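The data block below is input-v4.cif; it holds mmCIF, N, CA and C atoms.
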data_final
#
loop_
_atom_site.label_atom_id
_atom_site.label_comp_id
_atom_site.auth_asym_id
_atom_site.auth_seq_id
_atom_site.Cartn_x
_atom_site.Cartn_y
_atom_site.Cartn_z
N LEU A 20 -14.38 41.01 -67.04
CA LEU A 20 -13.59 42.20 -67.32
C LEU A 20 -12.95 42.73 -66.02
N LEU A 21 -13.73 42.69 -64.95
CA LEU A 21 -13.21 43.16 -63.66
C LEU A 21 -12.04 42.28 -63.20
N THR A 22 -12.20 40.98 -63.32
CA THR A 22 -11.14 40.05 -62.91
C THR A 22 -9.90 40.26 -63.77
N TYR A 23 -10.10 40.43 -65.08
CA TYR A 23 -8.95 40.69 -65.95
C TYR A 23 -8.23 41.97 -65.53
N GLY A 24 -9.00 43.02 -65.21
CA GLY A 24 -8.40 44.28 -64.80
C GLY A 24 -7.52 44.13 -63.57
N PHE A 25 -8.03 43.39 -62.58
CA PHE A 25 -7.22 43.16 -61.38
C PHE A 25 -5.99 42.33 -61.70
N LEU A 26 -6.16 41.29 -62.52
CA LEU A 26 -5.02 40.44 -62.89
C LEU A 26 -3.96 41.27 -63.62
N ALA A 27 -4.39 42.10 -64.55
CA ALA A 27 -3.45 42.94 -65.30
C ALA A 27 -2.71 43.89 -64.37
N ARG A 28 -3.41 44.47 -63.39
CA ARG A 28 -2.75 45.41 -62.47
C ARG A 28 -1.80 44.68 -61.53
N VAL A 29 -2.14 43.45 -61.14
CA VAL A 29 -1.23 42.68 -60.29
C VAL A 29 0.06 42.37 -61.05
N LEU A 30 -0.08 42.00 -62.32
CA LEU A 30 1.09 41.58 -63.10
C LEU A 30 1.91 42.75 -63.65
N THR A 31 1.24 43.85 -64.06
CA THR A 31 1.97 44.91 -64.76
C THR A 31 1.67 46.32 -64.28
N GLY A 32 0.88 46.47 -63.23
CA GLY A 32 0.42 47.81 -62.85
C GLY A 32 -0.68 48.23 -63.81
N PRO A 33 -0.85 49.53 -64.04
CA PRO A 33 -1.96 49.96 -64.89
C PRO A 33 -1.70 49.83 -66.39
N LYS A 34 -0.53 49.35 -66.79
CA LYS A 34 -0.14 49.33 -68.20
C LYS A 34 -1.08 48.53 -69.10
N LEU A 35 -1.60 47.40 -68.62
CA LEU A 35 -2.46 46.54 -69.45
C LEU A 35 -3.90 46.50 -68.97
N SER A 36 -4.22 47.30 -67.98
CA SER A 36 -5.56 47.30 -67.43
C SER A 36 -6.38 48.44 -68.04
N PRO A 37 -7.51 48.12 -68.69
CA PRO A 37 -8.34 49.19 -69.27
C PRO A 37 -8.77 50.21 -68.21
N MET A 38 -9.16 49.75 -67.04
CA MET A 38 -9.59 50.66 -65.99
C MET A 38 -8.42 51.46 -65.43
N GLY A 39 -7.27 50.82 -65.30
CA GLY A 39 -6.08 51.50 -64.83
C GLY A 39 -5.63 52.59 -65.80
N LEU A 40 -5.67 52.28 -67.09
CA LEU A 40 -5.31 53.27 -68.10
C LEU A 40 -6.30 54.43 -68.12
N LEU A 41 -7.58 54.10 -68.03
CA LEU A 41 -8.61 55.14 -68.01
C LEU A 41 -8.39 56.09 -66.82
N ALA A 42 -8.11 55.50 -65.67
CA ALA A 42 -7.92 56.32 -64.47
C ALA A 42 -6.67 57.18 -64.57
N THR A 43 -5.54 56.58 -64.96
CA THR A 43 -4.28 57.31 -64.93
C THR A 43 -4.08 58.24 -66.11
N ARG A 44 -4.67 57.92 -67.25
CA ARG A 44 -4.43 58.73 -68.46
C ARG A 44 -5.55 59.72 -68.78
N VAL A 45 -6.77 59.44 -68.26
CA VAL A 45 -7.90 60.29 -68.63
C VAL A 45 -8.51 60.99 -67.42
N ILE A 46 -9.00 60.21 -66.46
CA ILE A 46 -9.77 60.78 -65.36
C ILE A 46 -8.93 61.68 -64.46
N VAL A 47 -7.80 61.18 -64.00
CA VAL A 47 -6.96 61.98 -63.09
C VAL A 47 -6.51 63.28 -63.77
N PRO A 48 -5.96 63.23 -64.99
CA PRO A 48 -5.58 64.50 -65.63
C PRO A 48 -6.78 65.42 -65.90
N MET A 49 -7.92 64.85 -66.26
CA MET A 49 -9.10 65.65 -66.55
C MET A 49 -9.58 66.40 -65.30
N LEU A 50 -9.45 65.78 -64.15
CA LEU A 50 -9.86 66.41 -62.91
C LEU A 50 -8.81 67.37 -62.36
N GLY A 51 -7.66 67.40 -63.01
CA GLY A 51 -6.61 68.31 -62.59
C GLY A 51 -5.87 67.85 -61.35
N ASN A 52 -6.03 66.59 -60.99
CA ASN A 52 -5.32 66.07 -59.82
C ASN A 52 -3.87 65.84 -60.16
N LYS A 53 -3.02 66.19 -59.24
CA LYS A 53 -1.60 65.93 -59.43
C LYS A 53 -1.33 64.45 -59.17
N ASN A 54 -0.26 63.97 -59.79
CA ASN A 54 0.15 62.60 -59.53
C ASN A 54 0.56 62.46 -58.08
N LYS A 55 0.05 61.44 -57.44
CA LYS A 55 0.43 61.15 -56.07
C LYS A 55 1.19 59.84 -56.10
N ASN A 56 2.49 59.92 -55.90
CA ASN A 56 3.30 58.71 -55.93
C ASN A 56 3.09 57.92 -54.66
N VAL A 57 2.73 56.67 -54.83
CA VAL A 57 2.58 55.76 -53.70
C VAL A 57 3.44 54.54 -53.95
N ALA A 58 3.81 53.88 -52.89
CA ALA A 58 4.66 52.70 -53.01
C ALA A 58 3.93 51.59 -53.76
N GLY A 59 4.65 50.91 -54.62
CA GLY A 59 4.05 49.86 -55.44
C GLY A 59 3.63 48.60 -54.71
N PRO A 60 4.46 48.05 -53.81
CA PRO A 60 4.10 46.78 -53.17
C PRO A 60 2.75 46.77 -52.45
N PRO A 61 2.39 47.78 -51.66
CA PRO A 61 1.08 47.71 -51.01
C PRO A 61 -0.07 47.83 -52.01
N LYS A 62 0.13 48.64 -53.06
CA LYS A 62 -0.91 48.76 -54.08
C LYS A 62 -1.08 47.43 -54.83
N ARG A 63 0.04 46.79 -55.12
CA ARG A 63 -0.03 45.50 -55.81
C ARG A 63 -0.72 44.47 -54.92
N PHE A 64 -0.44 44.52 -53.61
CA PHE A 64 -1.12 43.63 -52.67
C PHE A 64 -2.63 43.90 -52.68
N ALA A 65 -3.01 45.18 -52.66
CA ALA A 65 -4.43 45.53 -52.69
C ALA A 65 -5.09 45.03 -53.99
N GLN A 66 -4.38 45.15 -55.10
CA GLN A 66 -4.92 44.65 -56.37
C GLN A 66 -5.06 43.13 -56.34
N PHE A 67 -4.13 42.46 -55.66
CA PHE A 67 -4.21 41.01 -55.52
C PHE A 67 -5.45 40.61 -54.71
N VAL A 68 -5.72 41.36 -53.66
CA VAL A 68 -6.94 41.10 -52.86
C VAL A 68 -8.18 41.32 -53.75
N GLY A 69 -8.16 42.37 -54.55
CA GLY A 69 -9.26 42.60 -55.49
C GLY A 69 -9.40 41.47 -56.49
N LEU A 70 -8.27 40.93 -56.94
CA LEU A 70 -8.29 39.79 -57.86
C LEU A 70 -8.95 38.58 -57.20
N ILE A 71 -8.63 38.34 -55.95
CA ILE A 71 -9.24 37.22 -55.22
C ILE A 71 -10.75 37.42 -55.11
N PHE A 72 -11.17 38.62 -54.70
CA PHE A 72 -12.60 38.88 -54.54
C PHE A 72 -13.34 38.80 -55.88
N SER A 73 -12.78 39.40 -56.93
CA SER A 73 -13.46 39.36 -58.22
C SER A 73 -13.50 37.94 -58.78
N SER A 74 -12.46 37.15 -58.53
CA SER A 74 -12.46 35.74 -58.95
C SER A 74 -13.52 34.95 -58.20
N MET A 75 -13.66 35.23 -56.91
CA MET A 75 -14.70 34.56 -56.13
C MET A 75 -16.08 34.93 -56.66
N ALA A 76 -16.28 36.20 -56.98
CA ALA A 76 -17.58 36.66 -57.51
C ALA A 76 -17.87 35.98 -58.84
N MET A 77 -16.88 35.93 -59.72
CA MET A 77 -17.08 35.29 -61.02
C MET A 77 -17.38 33.80 -60.85
N THR A 78 -16.66 33.15 -59.96
CA THR A 78 -16.90 31.73 -59.71
C THR A 78 -18.30 31.50 -59.16
N ALA A 79 -18.71 32.32 -58.20
CA ALA A 79 -20.06 32.19 -57.63
C ALA A 79 -21.12 32.34 -58.72
N TYR A 80 -20.92 33.29 -59.60
CA TYR A 80 -21.88 33.51 -60.68
C TYR A 80 -21.91 32.32 -61.63
N LEU A 81 -20.73 31.83 -61.99
CA LEU A 81 -20.65 30.73 -62.96
C LEU A 81 -21.20 29.41 -62.44
N ILE A 82 -21.12 29.20 -61.13
CA ILE A 82 -21.64 27.94 -60.59
C ILE A 82 -23.08 28.07 -60.11
N GLY A 83 -23.69 29.22 -60.37
CA GLY A 83 -25.12 29.34 -60.11
C GLY A 83 -25.52 30.00 -58.80
N PHE A 84 -24.65 30.83 -58.24
CA PHE A 84 -24.97 31.56 -57.01
C PHE A 84 -24.88 33.06 -57.25
N PRO A 85 -25.80 33.61 -58.06
CA PRO A 85 -25.69 35.03 -58.39
C PRO A 85 -25.83 35.96 -57.17
N ASN A 86 -26.57 35.54 -56.15
CA ASN A 86 -26.69 36.39 -54.95
C ASN A 86 -25.35 36.54 -54.25
N TYR A 87 -24.60 35.45 -54.13
CA TYR A 87 -23.28 35.52 -53.50
C TYR A 87 -22.35 36.40 -54.33
N CYS A 88 -22.48 36.29 -55.64
CA CYS A 88 -21.69 37.13 -56.53
C CYS A 88 -21.96 38.61 -56.23
N GLU A 89 -23.20 38.97 -56.09
CA GLU A 89 -23.57 40.36 -55.78
C GLU A 89 -22.99 40.81 -54.45
N TYR A 90 -23.09 39.97 -53.43
CA TYR A 90 -22.58 40.35 -52.10
C TYR A 90 -21.08 40.60 -52.15
N ILE A 91 -20.37 39.74 -52.86
CA ILE A 91 -18.92 39.91 -52.97
C ILE A 91 -18.60 41.20 -53.72
N LEU A 92 -19.35 41.49 -54.77
CA LEU A 92 -19.13 42.72 -55.52
C LEU A 92 -19.46 43.96 -54.69
N TYR A 93 -20.45 43.86 -53.79
CA TYR A 93 -20.76 44.97 -52.89
C TYR A 93 -19.55 45.31 -52.02
N VAL A 94 -18.86 44.29 -51.55
CA VAL A 94 -17.66 44.51 -50.74
C VAL A 94 -16.62 45.27 -51.56
N LEU A 95 -16.43 44.85 -52.81
CA LEU A 95 -15.49 45.56 -53.68
C LEU A 95 -15.91 47.01 -53.90
N VAL A 96 -17.20 47.24 -54.07
CA VAL A 96 -17.70 48.61 -54.28
C VAL A 96 -17.41 49.47 -53.06
N VAL A 97 -17.63 48.94 -51.87
CA VAL A 97 -17.38 49.71 -50.65
C VAL A 97 -15.91 50.12 -50.57
N PHE A 98 -15.01 49.17 -50.83
CA PHE A 98 -13.59 49.51 -50.74
C PHE A 98 -13.13 50.41 -51.89
N THR A 99 -13.77 50.30 -53.03
CA THR A 99 -13.48 51.21 -54.13
C THR A 99 -13.90 52.63 -53.78
N ILE A 100 -15.05 52.77 -53.17
CA ILE A 100 -15.51 54.10 -52.75
C ILE A 100 -14.57 54.69 -51.70
N LEU A 101 -14.15 53.87 -50.74
CA LEU A 101 -13.21 54.35 -49.73
C LEU A 101 -11.93 54.87 -50.37
N GLU A 102 -11.44 54.16 -51.37
CA GLU A 102 -10.21 54.55 -52.06
C GLU A 102 -10.43 55.80 -52.91
N SER A 103 -11.50 55.82 -53.68
CA SER A 103 -11.67 56.91 -54.63
C SER A 103 -12.09 58.23 -53.98
N ILE A 104 -12.88 58.17 -52.93
CA ILE A 104 -13.36 59.40 -52.31
C ILE A 104 -12.44 59.86 -51.17
N PHE A 105 -12.03 58.92 -50.34
CA PHE A 105 -11.27 59.28 -49.14
C PHE A 105 -9.78 58.99 -49.24
N GLY A 106 -9.35 58.30 -50.31
CA GLY A 106 -7.94 57.97 -50.46
C GLY A 106 -7.48 56.90 -49.48
N PHE A 107 -8.43 56.15 -48.92
CA PHE A 107 -8.09 55.11 -47.96
C PHE A 107 -7.99 53.77 -48.68
N CYS A 108 -6.81 53.17 -48.63
CA CYS A 108 -6.57 51.87 -49.26
C CYS A 108 -6.49 50.81 -48.16
N ALA A 109 -7.56 50.02 -48.03
CA ALA A 109 -7.60 49.00 -46.98
C ALA A 109 -6.51 47.94 -47.19
N GLY A 110 -6.25 47.58 -48.44
CA GLY A 110 -5.20 46.61 -48.73
C GLY A 110 -3.84 47.13 -48.31
N CYS A 111 -3.63 48.44 -48.48
CA CYS A 111 -2.36 49.05 -48.06
C CYS A 111 -2.22 49.03 -46.55
N LEU A 112 -3.32 49.26 -45.85
CA LEU A 112 -3.32 49.19 -44.39
C LEU A 112 -2.96 47.78 -43.91
N VAL A 113 -3.59 46.80 -44.51
CA VAL A 113 -3.31 45.40 -44.15
C VAL A 113 -1.86 45.07 -44.47
N PHE A 114 -1.37 45.55 -45.60
CA PHE A 114 0.02 45.32 -45.99
C PHE A 114 0.97 45.84 -44.91
N GLY A 115 0.70 47.04 -44.42
CA GLY A 115 1.53 47.61 -43.34
C GLY A 115 1.50 46.75 -42.09
N TYR A 116 0.31 46.26 -41.73
CA TYR A 116 0.22 45.38 -40.56
C TYR A 116 0.97 44.07 -40.79
N LEU A 117 0.90 43.52 -41.99
CA LEU A 117 1.61 42.28 -42.29
C LEU A 117 3.12 42.46 -42.19
N ILE A 118 3.61 43.64 -42.56
CA ILE A 118 5.04 43.93 -42.38
C ILE A 118 5.37 43.98 -40.89
N ARG A 119 4.55 44.70 -40.13
CA ARG A 119 4.79 44.80 -38.68
C ARG A 119 4.75 43.46 -37.99
N LEU A 120 3.87 42.56 -38.48
CA LEU A 120 3.76 41.23 -37.88
C LEU A 120 4.86 40.28 -38.36
N GLY A 121 5.66 40.74 -39.32
CA GLY A 121 6.76 39.91 -39.82
C GLY A 121 6.33 38.92 -40.88
N MET A 122 5.11 39.03 -41.37
CA MET A 122 4.63 38.09 -42.39
C MET A 122 5.11 38.51 -43.78
N ILE A 123 5.44 39.77 -43.96
CA ILE A 123 6.05 40.28 -45.19
C ILE A 123 7.35 40.92 -44.76
N PRO A 124 8.47 40.56 -45.40
CA PRO A 124 9.75 41.15 -45.01
C PRO A 124 9.74 42.67 -45.19
N GLU A 125 10.29 43.39 -44.23
CA GLU A 125 10.32 44.85 -44.28
C GLU A 125 11.07 45.35 -45.51
N GLU A 126 12.03 44.54 -46.00
CA GLU A 126 12.80 44.92 -47.18
C GLU A 126 11.92 45.03 -48.42
N THR A 127 10.76 44.37 -48.41
CA THR A 127 9.85 44.43 -49.54
C THR A 127 9.44 45.87 -49.81
N CYS A 128 9.24 46.61 -48.74
CA CYS A 128 8.89 48.02 -48.89
C CYS A 128 9.23 48.72 -47.58
N LYS A 129 10.45 49.20 -47.48
CA LYS A 129 10.89 49.81 -46.22
C LYS A 129 10.06 51.02 -45.82
N ARG A 130 9.68 51.84 -46.79
CA ARG A 130 8.91 53.03 -46.42
C ARG A 130 7.45 52.71 -46.11
N CYS A 131 7.01 51.47 -46.40
CA CYS A 131 5.63 51.08 -46.12
C CYS A 131 5.44 50.68 -44.65
N ALA A 132 6.52 50.30 -44.01
CA ALA A 132 6.41 49.76 -42.66
C ALA A 132 5.78 50.73 -41.68
N ASP A 133 6.02 52.03 -41.85
CA ASP A 133 5.48 53.01 -40.91
C ASP A 133 4.41 53.90 -41.51
N ILE A 134 4.22 53.85 -42.80
CA ILE A 134 3.27 54.76 -43.44
C ILE A 134 1.83 54.44 -43.04
N TRP A 135 1.44 53.18 -43.11
CA TRP A 135 0.02 52.83 -42.98
C TRP A 135 -0.38 52.40 -41.60
N VAL A 136 0.58 52.08 -40.77
CA VAL A 136 0.21 51.56 -39.44
C VAL A 136 0.60 52.56 -38.38
#
Translate the structure described by the file into structure tokens.
Amino acid sequence: LLTYGFLARVLTGPKLSPMGLLATRVIVPMLGNKNKNVAGPPKRFAQFVGLIFSSMAMTAYLIGFPNYCEYILYVLVVFTILESIFGFCAGCLVFGYLIRLGMIPEETCKRCADIWV
């Protein structure tokens, strides 16, 4: 379910993700938080990193390494806590550095180039 959620957010944003819909349609409005518009490309990159980690965890579990699966999920939990409590998106930070290093064209997200780095 976690891997599907990341895949859905990478492909469509929160539209097809149960967790994305829960967060954007229920939890955020219930808490009275205002919408905070953020650039899509760095968030999509962060979701892609989550997809990689959750896929690795699922693969580790399926091939018989449940301990490795847990360790990988712990990493995801740490970064989820950083995002949910402090508003810090590690994937967005890395995205900004990748733009500065020229590995991602600045045209992909012009306003991202200076926001995170």
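What the PyMOL selection byres ((chain A and resi 114) around 8) grabs from this file is Pro60, Pro61, Lys62, Phe64, Ala65, Cys108, Ala109, Gly110, Cys111, Leu112, Val113, Gly115, Tyr116, Leu117, Ile118, Arg119, Leu120, Ile123, Cys131, Ala132, Trp135 and Val136 of chain A.
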Could you give me, as a PyMOL selection string, each residue of chain A that DSSP assigns to helix (DSSP H, G or I) when run on this structure's backbone? chain A and resi 21-35+37-50+59-81+85-105+109-119+125-127+131-134
Any idea what the distance is between atom N of Arg63 of chain A and atom CA of Val29 of chain A?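 If I compute the distance from atom N of Arg63 of chain A to atom CA of Val29 of chain A, I get 6.7 Å.
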One-decimal distance in Å that lies between atom C of Gly83 of chain A and atom CA of Gly39 of chain A: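 Separation of atom CA of Gly39 of chain A and atom C of Gly83 of chain A: 29.6 Å.
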Would you compute the distance between atom CA of Met122 of chain A and atom CA of Phe105 of chain A? Give it in Å to one decimal.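 Taking atom CA of Met122 of chain A as the start and atom CA of Phe105 of chain A as the end point, the length is 27.3 Å.
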Name the residues captured by the PyMOL selection byres ((chain A and resi 37) around 8) when it is applied to the shown file; answer as a ChimeraX atom specification. /A:23-25,27-28,33-36,38-43
Write out as an mmCIF file with N, CA and C atoms, in the coordinates of the input each polymer residue whose atoms come within 7 Å of segment 89-104 of chain A, counting all atoms listed in the file; drop sequence neighbours fewer than 4 positions from it.
data_model
loop_
_atom_site.group_PDB
_atom_site.id
_atom_site.type_symbol
_atom_site.label_atom_id
_atom_site.label_comp_id
_atom_site.auth_asym_id
_atom_site.auth_seq_id
_atom_site.Cartn_x
_atom_site.Cartn_y
_atom_site.Cartn_z
ATOM 1 N N PHE A 72 -11.170 38.620 -54.700
ATOM 2 C CA PHE A 72 -12.600 38.880 -54.540
ATOM 3 C C PHE A 72 -13.340 38.800 -55.880
ATOM 4 N N SER A 73 -12.780 39.400 -56.930
ATOM 5 C CA SER A 73 -13.460 39.360 -58.220
ATOM 6 C C SER A 73 -13.500 37.940 -58.780
ATOM 7 N N MET A 75 -13.660 35.230 -56.910
ATOM 8 C CA MET A 75 -14.700 34.560 -56.130
ATOM 9 C C MET A 75 -16.080 34.930 -56.660
ATOM 10 N N ALA A 76 -16.280 36.200 -56.980
ATOM 11 C CA ALA A 76 -17.580 36.660 -57.510
ATOM 12 C C ALA A 76 -17.870 35.980 -58.840
ATOM 13 N N PHE A 84 -24.650 30.830 -58.240
ATOM 14 C CA PHE A 84 -24.970 31.560 -57.010
ATOM 15 C C PHE A 84 -24.880 33.060 -57.250
ATOM 16 N N PRO A 85 -25.800 33.610 -58.060
ATOM 17 C CA PRO A 85 -25.690 35.030 -58.390
ATOM 18 C C PRO A 85 -25.830 35.960 -57.170
ATOM 19 N N CYS A 108 -6.810 53.170 -48.630
ATOM 20 C CA CYS A 108 -6.570 51.870 -49.260
ATOM 21 C C CYS A 108 -6.490 50.810 -48.160
ATOM 22 N N ALA A 109 -7.560 50.020 -48.030
ATOM 23 C CA ALA A 109 -7.600 49.000 -46.980
ATOM 24 C C ALA A 109 -6.510 47.940 -47.190
#
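For the set A:Tyr80, A:Pro124, A:Gly51, A:Ile71, the residue with the smallest atom-to-atom gap to Leu26 of chain A is A:Ile71, counting only C-alpha atoms.
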